[in-house]
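Peer 1: Structure provided below as structure tokens; questions to follow.
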Amino acid sequence: MDKIRLNVLPSPTFGQLGVNFAERAVGELPSDKIWLEGGCTDITGDAVCSIAAQNGQTVNIIQFINTDKAAHIKTEINAEKYASVSLVQVFACQAPLISQLETKLDENASFDLSQLYIGGLDTVSEIRTTLGGRLSRFNADIAYTLGTGSKLDINLIADHYGKKSVSEINVGGVLNEGSDKVFKGTIDFKSGASGAKGHEKEDVLLAGDNIRNRIVPVILCAEEDVEGSHGATSGRIDDDQIFYMRSRGIPDEQILNILARAKLARVIGKIDDEQVKQRIFKALGWGDLDD
Amino acid sequence: MSEKTQINDIDRSLYDFRFDEDESDRFTSGITPEIISEISKEKNDPEWMSEFRQKCLRIYEKTPMVKWGASIEGLDVDNIVTYIRPKSRMNKDWDSVPDNIKETFERLGIPQAERESLAGVGAQYDSELVYHNVRSEVAKSGVVYTDIESAMHDPKYAEMIRTHFMKLVPPTDHKFAALHGAVWSGGSFVYVPKGVHLDIPLQSYFRLNAKGAGQFEHTLIILEEDSYLHFIEGCSAPKYYEAGLHAGCVELYVAKGAKLRYSTIENWSKNMYNLNTKRAIVEEGGKIEWVSGSFGSHVSYLYPMSILNGRGASAEFTGITFAGKGQNLDTGTKVVHNAPDTSSYINTKSISKSGGISTFRSSVVVNKNAEGSKSSVSCESLMLDDISRSDTIPAIDIKTDKCDVGHEAKIGRISDEALFYLTSRGLSEEDARAMIVRGFADNVSKELPLEYAVEMNNLIGLEMKGNVG
């Protein structure tokens, strides 16, 4: 298998940070596409998935990705005018994984992405959304919890071509001992995307020794009439939060657990399939949903 | 039809005058072992320095060009003259400086600033210092402010130069650091003894008059424990059609409890490639403050770096970049937290107009041993038209869980709400826009010495006309 560069940062930066690309061996993808039209699909190996939302159509998809050997998954989405696509991706792999998600949005189309990364040995995830149409909209809610030996490299790119297009990107998660995470988020305002808005935020809870946390929040701007922002915070549990929780009678050993759960609950709460939620709880070791 | 509010490019008339070249030594262009030997001979280098220059040349030849950032394809180093000696040796008296050179610095206001508000001045013209002086009371306190070449030949400081020169910025750092090591000439050496606080600043001014030339000055500042210094650096050049190169190097050593403020107004002409390297290492409880204004040059790569090497060391970076027509200014900063309880604060502003490209690029690294460290990064960009470009590329690399790091950035144009508010208070729209742009740059200009703040306000010339943009 040849090694290729994935997760390439659209505008490279200092090489010693090791964030400009991720190099991985990649095999050939299956030639047959899996067309997803709704509901939950389990993915357990190499796959190419396609989602087509026609004019005005609403499509809700859940992908539960759980592989026990190295896999490469590609998902393509095309949303026509006024179409609305909601995609939930749950990554619960204990093997190296490459995930590529490419979305094209036409006029007034919207794409609501929720991603949950549970552990993972070596996950490289590329998310590229082209906001081509006027008033197209992209919302991304991404959460992760990484443990010992987990590596996660996310490269999210929102290309704004359409006038008044909007992207809202919220990322958050927990880094436990021995984990390594890279999040690169790029909002790219192309010339002509007047009135476009893009906001990006990441909050990382550092909860163990020997972690590595790299954040590269990029804004590229070739248009005057836009509004863009990004913010990132990374740190331990806030002293005020500890004080508040202690004052409510919560023991210290549960405080981290509760706050870590809160980081993930934001994304899990958006899933309205009880069976999928149950599986997520199981993967997270949270016990039964009803508990 | 409504007309867009115009914000003028920087008024460069103050800097764009030039005199005929009448250098006594203008080396041939390019960089070869023979030219390096000639520079060594001309400067009477000690043996270690001659060998160091040749070693740097070999590193330069092996090191690839950077592959990120602004394009430097228009720069052909083989066409750059690396050494030009002006018709003057270094003087301690402006009256001894040749008339045309003296007039250059008079027009730039350097002698006047020296008289009014500086503890010492160094003035470099092309490749050599032509003037260097320090007030007698400052010299009596043990402060040394001289050119590197003199210090290198002074038995008291020769070893200090040898043990510090290009140790913070090794020639292997990047291609232009290697080039600098091979052809460096001029610059300043400052030594502030333990416990000495200099209440008024020292200033070095670098002027490149010759066309198709490079300036490679080296600034080495050593602050001993609990000392304080404010050092100001200014640079400019007249405009030519040929590309010019500035590849200087600044190395700052800040000892325990010492504090150094390093202010720069960079205003090279728009034919210049400004590929400068600046780095500070800060020991326990020490502090480095960078104040940086980037207005000139065709292409800039400039990221002053702070290595926080002792417990409780801190760094502040305050910068503004104004990219106008034909300019691609890639600026920012780097911080390495390499000890417990260190802190850094980065605050930058950038303005892009008339097709100018402004890129903010930063790197904050928190090493595993930097427990209890804190860092905050804030950058704001203002786009003044739709033909310009503004990019923000910050990076954070955290290797310990026991730290707190925050970053925020904003990009946009002049807000309609702010305009509405100001006009409702009785300001004309033109005045309101001017006020907003000045306010945008205010937190940087207030960090500058007064005369530089005035210069900066002059640099951002505002001309308001017409209606809503």
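Each chain in the structure tokens gets a letter, A, B, ..., in the order shown, and its residues are numbered from 1; ligands are numbered from 1 in order too.
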Excluding Arg214 of chain A and residues on its chain fewer than 4 positions from it, collect all residues at most 12 Å away from it, counting only C-alpha atoms, and give them as a PyMOL selection string.
Peer 2: (chain A and resi 17-20+151-155+175+179-185+202-204+206+232-234) or (chain B and resi 363-367+394-400+405)
Peer 1: Generate the output file for the selected residues, N, CA and C atoms, as a CSV table (one decimal), in the first residue's frame.
Peer 2:
chain,number,residue,atom,x,y,z
A,17,LEU,N,5.7,21.6,13.9
A,17,LEU,CA,4.5,21.3,14.7
A,17,LEU,C,3.9,20.0,14.3
A,18,GLY,N,4.2,19.5,13.1
A,18,GLY,CA,3.7,18.2,12.6
A,18,GLY,C,2.2,18.3,12.3
A,19,VAL,N,1.7,19.4,11.9
A,19,VAL,CA,0.2,19.5,11.6
A,19,VAL,C,-0.1,19.8,10.2
A,20,ASN,N,0.9,19.9,9.3
A,20,ASN,CA,0.6,20.2,7.9
A,20,ASN,C,-0.1,19.1,7.2
A,151,LYS,N,-5.2,8.0,19.2
A,151,LYS,CA,-4.7,9.1,18.4
A,151,LYS,C,-5.8,9.5,17.5
A,152,LEU,N,-6.0,10.8,17.4
A,152,LEU,CA,-7.1,11.3,16.6
A,152,LEU,C,-6.6,12.6,15.9
A,153,ASP,N,-6.8,12.6,14.5
A,153,ASP,CA,-6.3,13.8,13.7
A,153,ASP,C,-7.5,14.2,12.9
A,154,ILE,N,-8.1,15.3,13.2
A,154,ILE,CA,-9.3,15.8,12.5
A,154,ILE,C,-8.9,17.0,11.6
A,155,ASN,N,-9.3,17.0,10.4
A,155,ASN,CA,-9.1,18.2,9.5
A,155,ASN,C,-10.4,18.6,8.9
A,175,LEU,N,-9.3,14.6,26.9
A,175,LEU,CA,-8.1,13.9,26.6
A,175,LEU,C,-7.6,13.3,27.9
A,179,SER,N,-3.2,10.2,25.5
A,179,SER,CA,-3.8,10.4,24.3
A,179,SER,C,-3.2,11.5,23.5
A,180,ASP,N,-3.5,11.5,22.2
A,180,ASP,CA,-2.9,12.5,21.3
A,180,ASP,C,-3.9,12.9,20.3
A,181,LYS,N,-4.2,14.2,20.2
A,181,LYS,CA,-5.3,14.7,19.4
A,181,LYS,C,-4.8,15.9,18.6
A,182,VAL,N,-5.2,16.0,17.3
A,182,VAL,CA,-4.9,17.2,16.5
A,182,VAL,C,-6.3,17.6,15.9
A,183,PHE,N,-6.7,18.9,16.1
A,183,PHE,CA,-7.8,19.4,15.5
A,183,PHE,C,-7.5,20.6,14.6
A,184,LYS,N,-7.7,20.4,13.3
A,184,LYS,CA,-7.4,21.6,12.4
A,184,LYS,C,-8.8,22.0,11.8
A,185,GLY,N,-9.2,23.2,12.1
A,185,GLY,CA,-10.4,23.7,11.6
A,185,GLY,C,-10.2,24.9,10.7
A,202,GLU,N,-13.4,25.4,20.0
A,202,GLU,CA,-13.1,24.1,20.5
A,202,GLU,C,-12.7,24.3,22.0
A,203,ASP,N,-13.3,23.4,22.8
A,203,ASP,CA,-13.0,23.4,24.2
A,203,ASP,C,-12.4,22.0,24.6
A,204,VAL,N,-11.3,22.0,25.1
A,204,VAL,CA,-10.6,20.7,25.4
A,204,VAL,C,-10.4,20.6,26.9
A,206,LEU,N,-8.4,18.7,29.6
A,206,LEU,CA,-7.2,17.9,29.8
A,206,LEU,C,-7.3,17.1,31.1
A,232,ALA,N,-10.5,29.0,21.1
A,232,ALA,CA,-10.1,27.7,21.5
A,232,ALA,C,-9.7,27.8,23.0
A,233,THR,N,-10.1,26.9,23.8
A,233,THR,CA,-9.6,26.8,25.2
A,233,THR,C,-9.1,25.4,25.5
A,234,SER,N,-8.1,25.3,26.3
A,234,SER,CA,-7.6,24.0,26.6
A,234,SER,C,-7.1,24.1,28.0
B,363,SER,N,2.7,30.2,16.8
B,363,SER,CA,2.8,28.9,17.4
B,363,SER,C,3.1,29.0,18.9
B,364,VAL,N,2.2,28.4,19.7
B,364,VAL,CA,2.4,28.4,21.1
B,364,VAL,C,2.7,26.9,21.5
B,365,VAL,N,3.8,26.6,22.0
B,365,VAL,CA,4.2,25.2,22.4
B,365,VAL,C,4.3,25.2,23.9
B,366,VAL,N,3.6,24.3,24.6
B,366,VAL,CA,3.7,24.2,26.0
B,366,VAL,C,4.3,22.8,26.3
B,367,ASN,N,5.5,22.7,26.7
B,367,ASN,CA,6.2,21.5,26.9
B,367,ASN,C,5.8,20.8,28.1
B,394,PRO,N,-3.1,30.3,13.5
B,394,PRO,CA,-2.4,30.1,14.7
B,394,PRO,C,-2.3,28.6,15.0
B,395,ALA,N,-1.3,28.2,15.8
B,395,ALA,CA,-1.2,26.8,16.1
B,395,ALA,C,-0.8,26.7,17.6
B,396,ILE,N,-1.4,25.7,18.3
B,396,ILE,CA,-1.2,25.5,19.7
B,396,ILE,C,-0.8,24.0,19.9
B,397,ASP,N,0.3,23.8,20.6
B,397,ASP,CA,0.8,22.4,20.8
B,397,ASP,C,1.0,22.2,22.3
B,398,ILE,N,0.2,21.4,22.9
B,398,ILE,CA,0.2,21.3,24.4
B,398,ILE,C,0.7,19.9,24.7
B,399,LYS,N,1.7,19.8,25.6
B,399,LYS,CA,2.2,18.5,26.0
B,399,LYS,C,2.0,18.2,27.5
B,400,THR,N,1.3,19.0,28.2
B,400,THR,CA,1.0,18.7,29.6
B,400,THR,C,-0.5,19.0,29.9
B,405,VAL,N,-4.6,27.2,28.2
B,405,VAL,CA,-4.3,28.0,27.0
B,405,VAL,C,-5.6,28.4,26.3
Peer 1: With only C-alpha atoms as the counted atoms, please give the residues lying no more than 7 Å from Gln54 of chain B, apart from itself and same-chain residues fewer than 5 positions off, as a list in words.
Peer 2: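 Neighbouring residues, sequence-local ones excluded: Pro33, Ile36 and Ala182 of chain B.
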Peer 1: So that I can check the surroundings of Asn309 of chain B, please list as a PyMOL selection string every protein, DNA and RNA residue that reaches within 10 Å of it, counting only C-alpha atoms and ignoring chain neighbours fewer than 3 positions away.
Peer 2: chain B and resi 254-256+280-286+306+312-314+336-340+342+370
Peer 1: Any chance you could tabulate, as a tab-separated table, the residues of chain B at most 6 Å from chain A with each one's nearest atom pair and distance in Å to one decimal, using only C-alpha atoms, in chain and rising number order?
Peer 2:
residue	atom	partner	partner_atom	distance
B:Trp68	CA	A:Pro12	CA	5.6
B:Met383	CA	A:Glu224	CA	5.3
B:Asp385	CA	A:Glu224	CA	5.4
B:Asp386	CA	A:Glu224	CA	4.6
B:Arg389	CA	A:Ala222	CA	4.6
B:Ser390	CA	A:Cys221	CA	5.2
B:Asp391	CA	A:Leu220	CA	4.4
B:Thr392	CA	A:Ile219	CA	5.1
B:Ile393	CA	A:Val218	CA	4.8
B:Pro394	CA	A:Val216	CA	5.8
B:Ala395	CA	A:Val216	CA	4.5
B:Ile396	CA	A:Ile215	CA	5.1
B:Asp397	CA	A:Arg214	CA	4.4
B:Ile398	CA	A:Asn213	CA	5.0
B:Lys399	CA	A:Arg212	CA	4.5
B:Asp401	CA	A:Leu206	CA	4.9
B:Cys403	CA	A:Gly235	CA	5.6
B:Asp404	CA	A:Gly235	CA	4.3
B:Val405	CA	A:Ser234	CA	5.2
B:Gly406	CA	A:Thr233	CA	4.3
B:His407	CA	A:Ala232	CA	5.0
B:Glu408	CA	A:Gly231	CA	4.2
B:Ala409	CA	A:His230	CA	5.3
B:Lys410	CA	A:Ser229	CA	4.3
B:Ile411	CA	A:Gly228	CA	5.1
B:Gly412	CA	A:Glu227	CA	4.9
Peer 1: Give me a file of those residues, with C-alpha atoms, as a PDB file, in the first residue's frame.
Peer 2:
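Everything below was put into selection.pdb:
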ATOM      1  CA  TRP B  68       5.056  27.617   3.220  1.00  0.00           C
ATOM      2  CA  MET B 383     -10.462  43.962   5.753  1.00  0.00           C
ATOM      3  CA  ASP B 385     -11.800  46.221   0.616  1.00  0.00           C
ATOM      4  CA  ASP B 386     -12.717  43.130  -1.355  1.00  0.00           C
ATOM      5  CA  ARG B 389      -6.667  39.111   1.760  1.00  0.00           C
ATOM      6  CA  SER B 390      -6.287  38.356   5.422  1.00  0.00           C
ATOM      7  CA  ASP B 391      -5.417  34.932   6.822  1.00  0.00           C
ATOM      8  CA  THR B 392      -5.070  33.778  10.407  1.00  0.00           C
ATOM      9  CA  ILE B 393      -3.081  30.612  11.047  1.00  0.00           C
ATOM     10  CA  PRO B 394      -2.431  30.085  14.740  1.00  0.00           C
ATOM     11  CA  ALA B 395      -1.219  26.772  16.129  1.00  0.00           C
ATOM     12  CA  ILE B 396      -1.172  25.484  19.686  1.00  0.00           C
ATOM     13  CA  ASP B 397       0.776  22.419  20.774  1.00  0.00           C
ATOM     14  CA  ILE B 398       0.222  21.298  24.372  1.00  0.00           C
ATOM     15  CA  LYS B 399       2.169  18.469  25.970  1.00  0.00           C
ATOM     16  CA  ASP B 401      -2.455  18.549  31.118  1.00  0.00           C
ATOM     17  CA  CYS B 403      -1.816  24.261  31.839  1.00  0.00           C
ATOM     18  CA  ASP B 404      -4.430  26.688  30.571  1.00  0.00           C
ATOM     19  CA  VAL B 405      -4.310  27.965  27.020  1.00  0.00           C
ATOM     20  CA  GLY B 406      -6.810  30.169  25.243  1.00  0.00           C
ATOM     21  CA  HIS B 407      -7.045  31.552  21.761  1.00  0.00           C
ATOM     22  CA  GLU B 408      -9.466  33.872  20.035  1.00  0.00           C
ATOM     23  CA  ALA B 409      -9.541  35.520  16.659  1.00  0.00           C
ATOM     24  CA  LYS B 410     -11.905  37.716  14.749  1.00  0.00           C
ATOM     25  CA  ILE B 411     -12.056  38.924  11.189  1.00  0.00           C
ATOM     26  CA  GLY B 412     -14.381  41.375   9.586  1.00  0.00           C
TER      27      GLY B 412
END
Peer 1: Hey, can you check how far atom CA of Asp32 of chain A sits from atom CA of Ala83 of chain A?
Peer 2: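 Atom-to-atom, atom CA of Asp32 of chain A to atom CA of Ala83 of chain A, that is 24.9 Å.
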Peer 1: Identify which of the residues B:Tyr83, B:Phe322, B:Trp48, B:Phe105 lies closest to Ser300 of chain B, counting only C-alpha atoms when measuring atom-to-atom distances.
Peer 2: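 Answer, going by the shortest atom-to-atom distance: B:Phe322.
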Peer 1: Could you find all residues in segment 65-235 of chain A that DSSP calls strand (DSSP E) from the backbone, and write them as an MDAnalysis selection string?
Peer 2: chainID A and resid 65 71:79 84:91 97:105 110:118 123:131 137:146 151:160 166:175 180:189 197:206 212:221 227:235
Peer 1: Near Gly234 of chain B, within 10 Å and counting only C-alpha atoms, which residues show up once chain neighbours fewer than 6 positions away are dropped, as a PyMOL selection string?
Peer 2: chain B and resi 108+110+123+203-207+263-268+293+452
Peer 1: Within 12 Å of Ile34 of chain A, counting only C-alpha atoms, which residues show up once you throw out same-chain ones fewer than 6 positions away? Write them as a ChimeraX atom specification, please.
Peer 2: /A:41-43,46-52,63,73-77
Peer 1: Once you have the residues from the selection above, write them out as a PDB file, in the first residue's frame, restricted to N, CA and C atoms.
Peer 2:
ATOM      1  N   THR A  41     -26.823   2.892   9.657  1.00  0.00           N
ATOM      2  CA  THR A  41     -26.042   1.905   8.909  1.00  0.00           C
ATOM      3  C   THR A  41     -24.780   1.580   9.692  1.00  0.00           C
ATOM      4  N   ASP A  42     -24.538   0.275   9.831  1.00  0.00           N
ATOM      5  CA  ASP A  42     -23.294  -0.146  10.475  1.00  0.00           C
ATOM      6  C   ASP A  42     -22.205  -0.286   9.421  1.00  0.00           C
ATOM      7  N   ILE A  43     -21.043   0.243   9.728  1.00  0.00           N
ATOM      8  CA  ILE A  43     -19.923   0.124   8.795  1.00  0.00           C
ATOM      9  C   ILE A  43     -18.792  -0.580   9.533  1.00  0.00           C
ATOM     10  N   ASP A  46     -13.798  -1.278   4.883  1.00  0.00           N
ATOM     11  CA  ASP A  46     -13.692  -0.282   3.810  1.00  0.00           C
ATOM     12  C   ASP A  46     -15.055  -0.055   3.153  1.00  0.00           C
ATOM     13  N   ALA A  47     -15.360   1.209   2.900  1.00  0.00           N
ATOM     14  CA  ALA A  47     -16.668   1.492   2.293  1.00  0.00           C
ATOM     15  C   ALA A  47     -16.670   2.865   1.636  1.00  0.00           C
ATOM     16  N   VAL A  48     -17.472   2.958   0.568  1.00  0.00           N
ATOM     17  CA  VAL A  48     -17.742   4.267  -0.031  1.00  0.00           C
ATOM     18  C   VAL A  48     -19.243   4.480   0.053  1.00  0.00           C
ATOM     19  N   CYS A  49     -19.645   5.494   0.774  1.00  0.00           N
ATOM     20  CA  CYS A  49     -21.078   5.755   0.967  1.00  0.00           C
ATOM     21  C   CYS A  49     -21.459   7.045   0.255  1.00  0.00           C
ATOM     22  N   SER A  50     -22.674   7.082  -0.224  1.00  0.00           N
ATOM     23  CA  SER A  50     -23.131   8.275  -0.923  1.00  0.00           C
ATOM     24  C   SER A  50     -24.517   8.669  -0.434  1.00  0.00           C
ATOM     25  N   ILE A  51     -24.690   9.949  -0.236  1.00  0.00           N
ATOM     26  CA  ILE A  51     -25.993  10.463   0.197  1.00  0.00           C
ATOM     27  C   ILE A  51     -26.389  11.565  -0.780  1.00  0.00           C
ATOM     28  N   ALA A  52     -27.564  11.417  -1.374  1.00  0.00           N
ATOM     29  CA  ALA A  52     -28.025  12.442  -2.315  1.00  0.00           C
ATOM     30  C   ALA A  52     -29.354  12.982  -1.821  1.00  0.00           C
ATOM     31  N   GLN A  63     -24.417   6.809  10.865  1.00  0.00           N
ATOM     32  CA  GLN A  63     -23.398   5.805  10.532  1.00  0.00           C
ATOM     33  C   GLN A  63     -22.741   5.370  11.840  1.00  0.00           C
ATOM     34  N   ILE A  73     -12.907   4.723   5.006  1.00  0.00           N
ATOM     35  CA  ILE A  73     -14.319   4.981   4.702  1.00  0.00           C
ATOM     36  C   ILE A  73     -14.458   6.349   4.058  1.00  0.00           C
ATOM     37  N   LYS A  74     -15.193   6.353   2.974  1.00  0.00           N
ATOM     38  CA  LYS A  74     -15.410   7.639   2.311  1.00  0.00           C
ATOM     39  C   LYS A  74     -16.915   7.870   2.196  1.00  0.00           C
ATOM     40  N   THR A  75     -17.343   9.048   2.558  1.00  0.00           N
ATOM     41  CA  THR A  75     -18.773   9.375   2.458  1.00  0.00           C
ATOM     42  C   THR A  75     -18.922  10.674   1.661  1.00  0.00           C
ATOM     43  N   GLU A  76     -19.758  10.592   0.634  1.00  0.00           N
ATOM     44  CA  GLU A  76     -19.982  11.787  -0.201  1.00  0.00           C
ATOM     45  C   GLU A  76     -21.432  12.227  -0.042  1.00  0.00           C
ATOM     46  N   ILE A  77     -21.606  13.513   0.096  1.00  0.00           N
ATOM     47  CA  ILE A  77     -22.972  14.040   0.250  1.00  0.00           C
ATOM     48  C   ILE A  77     -23.192  15.153  -0.763  1.00  0.00           C
TER      49      ILE A  77
END
Peer 1: Run DSSP on the backbone of this structure and report the residues of segment 283-446 of chain B it assigns to alpha helix (DSSP H), as a PDB file with N, CA and C atoms, in the first residue's frame.
Peer 2:
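Contents of out20.pdb, as written:
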ATOM      1  N   ASP B 416     -21.277  48.055  10.828  1.00  0.00           N
ATOM      2  CA  ASP B 416     -22.315  49.048  10.548  1.00  0.00           C
ATOM      3  C   ASP B 416     -22.880  49.624  11.848  1.00  0.00           C
ATOM      4  N   GLU B 417     -22.946  48.756  12.889  1.00  0.00           N
ATOM      5  CA  GLU B 417     -23.498  49.206  14.166  1.00  0.00           C
ATOM      6  C   GLU B 417     -22.616  50.294  14.797  1.00  0.00           C
ATOM      7  N   ALA B 418     -21.304  50.069  14.729  1.00  0.00           N
ATOM      8  CA  ALA B 418     -20.380  51.060  15.298  1.00  0.00           C
ATOM      9  C   ALA B 418     -20.475  52.376  14.532  1.00  0.00           C
ATOM     10  N   LEU B 419     -20.589  52.260  13.204  1.00  0.00           N
ATOM     11  CA  LEU B 419     -20.735  53.470  12.381  1.00  0.00           C
ATOM     12  C   LEU B 419     -22.030  54.201  12.740  1.00  0.00           C
ATOM     13  N   PHE B 420     -23.095  53.410  12.878  1.00  0.00           N
ATOM     14  CA  PHE B 420     -24.394  54.001  13.191  1.00  0.00           C
ATOM     15  C   PHE B 420     -24.324  54.744  14.530  1.00  0.00           C
ATOM     16  N   TYR B 421     -23.709  54.092  15.520  1.00  0.00           N
ATOM     17  CA  TYR B 421     -23.626  54.703  16.844  1.00  0.00           C
ATOM     18  C   TYR B 421     -22.862  56.026  16.776  1.00  0.00           C
ATOM     19  N   LEU B 422     -21.713  55.990  16.115  1.00  0.00           N
ATOM     20  CA  LEU B 422     -20.883  57.199  16.088  1.00  0.00           C
ATOM     21  C   LEU B 422     -21.549  58.325  15.304  1.00  0.00           C
ATOM     22  N   THR B 423     -22.209  57.955  14.203  1.00  0.00           N
ATOM     23  CA  THR B 423     -22.877  59.010  13.429  1.00  0.00           C
ATOM     24  C   THR B 423     -24.065  59.568  14.216  1.00  0.00           C
ATOM     25  N   SER B 424     -24.715  58.697  15.014  1.00  0.00           N
ATOM     26  CA  SER B 424     -25.839  59.186  15.828  1.00  0.00           C
ATOM     27  C   SER B 424     -25.362  60.127  16.932  1.00  0.00           C
ATOM     28  N   GLU B 429     -19.730  60.555   8.806  1.00  0.00           N
ATOM     29  CA  GLU B 429     -19.372  59.156   8.567  1.00  0.00           C
ATOM     30  C   GLU B 429     -17.868  59.004   8.328  1.00  0.00           C
ATOM     31  N   GLU B 430     -17.301  60.005   7.614  1.00  0.00           N
ATOM     32  CA  GLU B 430     -15.864  59.939   7.341  1.00  0.00           C
ATOM     33  C   GLU B 430     -15.067  59.938   8.644  1.00  0.00           C
ATOM     34  N   ASP B 431     -15.469  60.837   9.552  1.00  0.00           N
ATOM     35  CA  ASP B 431     -14.757  60.910  10.832  1.00  0.00           C
ATOM     36  C   ASP B 431     -14.958  59.634  11.640  1.00  0.00           C
ATOM     37  N   ALA B 432     -16.178  59.100  11.556  1.00  0.00           N
ATOM     38  CA  ALA B 432     -16.475  57.881  12.311  1.00  0.00           C
ATOM     39  C   ALA B 432     -15.595  56.730  11.829  1.00  0.00           C
ATOM     40  N   ARG B 433     -15.477  56.592  10.507  1.00  0.00           N
ATOM     41  CA  ARG B 433     -14.640  55.516   9.966  1.00  0.00           C
ATOM     42  C   ARG B 433     -13.177  55.695  10.381  1.00  0.00           C
ATOM     43  N   ALA B 434     -12.717  56.925  10.272  1.00  0.00           N
ATOM     44  CA  ALA B 434     -11.326  57.181  10.661  1.00  0.00           C
ATOM     45  C   ALA B 434     -11.106  56.841  12.126  1.00  0.00           C
ATOM     46  N   MET B 435     -12.092  57.210  12.945  1.00  0.00           N
ATOM     47  CA  MET B 435     -11.955  56.949  14.379  1.00  0.00           C
ATOM     48  C   MET B 435     -11.905  55.443  14.654  1.00  0.00           C
ATOM     49  N   ILE B 436     -12.726  54.692  13.942  1.00  0.00           N
ATOM     50  CA  ILE B 436     -12.764  53.236  14.161  1.00  0.00           C
ATOM     51  C   ILE B 436     -11.426  52.597  13.765  1.00  0.00           C
ATOM     52  N   VAL B 437     -10.874  53.040  12.636  1.00  0.00           N
ATOM     53  CA  VAL B 437      -9.597  52.447  12.209  1.00  0.00           C
ATOM     54  C   VAL B 437      -8.490  52.820  13.190  1.00  0.00           C
ATOM     55  N   ARG B 438      -8.477  54.077  13.634  1.00  0.00           N
ATOM     56  CA  ARG B 438      -7.456  54.474  14.615  1.00  0.00           C
ATOM     57  C   ARG B 438      -7.635  53.691  15.916  1.00  0.00           C
ATOM     58  N   GLY B 439      -8.900  53.533  16.310  1.00  0.00           N
ATOM     59  CA  GLY B 439      -9.179  52.781  17.537  1.00  0.00           C
ATOM     60  C   GLY B 439      -8.742  51.336  17.421  1.00  0.00           C
ATOM     61  N   PHE B 440      -8.896  50.777  16.226  1.00  0.00           N
ATOM     62  CA  PHE B 440      -8.489  49.387  15.991  1.00  0.00           C
ATOM     63  C   PHE B 440      -6.998  49.214  16.284  1.00  0.00           C
ATOM     64  N   ALA B 441      -6.211  50.218  15.912  1.00  0.00           N
ATOM     65  CA  ALA B 441      -4.757  50.126  16.092  1.00  0.00           C
ATOM     66  C   ALA B 441      -4.297  50.672  17.443  1.00  0.00           C
ATOM     67  N   ASP B 442      -5.241  51.203  18.213  1.00  0.00           N
ATOM     68  CA  ASP B 442      -4.860  51.969  19.400  1.00  0.00           C
ATOM     69  C   ASP B 442      -4.098  51.168  20.451  1.00  0.00           C
ATOM     70  N   ASN B 443      -4.528  49.938  20.697  1.00  0.00           N
ATOM     71  CA  ASN B 443      -3.869  49.218  21.792  1.00  0.00           C
ATOM     72  C   ASN B 443      -2.435  48.851  21.446  1.00  0.00           C
ATOM     73  N   VAL B 444      -2.093  48.894  20.156  1.00  0.00           N
ATOM     74  CA  VAL B 444      -0.700  48.677  19.775  1.00  0.00           C
ATOM     75  C   VAL B 444       0.062  49.996  19.860  1.00  0.00           C
ATOM     76  N   SER B 445      -0.530  51.059  19.320  1.00  0.00           N
ATOM     77  CA  SER B 445       0.201  52.323  19.286  1.00  0.00           C
ATOM     78  C   SER B 445       0.488  52.837  20.696  1.00  0.00           C
TER      79      SER B 445
END
Peer 1: Mind giving me the straight-line distance from atom CA of Gly186 of chain B to atom CA of Thr219 of chain B in Å, one decimal?
Peer 2: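 According to the coordinates, atom CA of Gly186 of chain B and atom CA of Thr219 of chain B are separated by 8.4 Å.
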Peer 1: I'd like the contact shell of segment 56-63 of chain B - 9 Å cut-off, only C-alpha atoms, skipping same-chain residues fewer than 2 positions apart - returned as a list in words.
Peer 2: Ile31, Thr32, Pro33, Ile36, Glu51, Phe52, Arg53, Gln54, Met65, Pro171, Thr172, His174, Lys175, Phe176, Ala177, Ala178, Leu179, His180, Gly181, Ala182 and Val183 of chain B
Peer 1: Could you state the separation of atom CA of Ser269 of chain B and atom CA of Phe165 of chain B in Å, given to one decimal place?
Peer 2: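 Distance reported for this atom pair: 28.6 Å.
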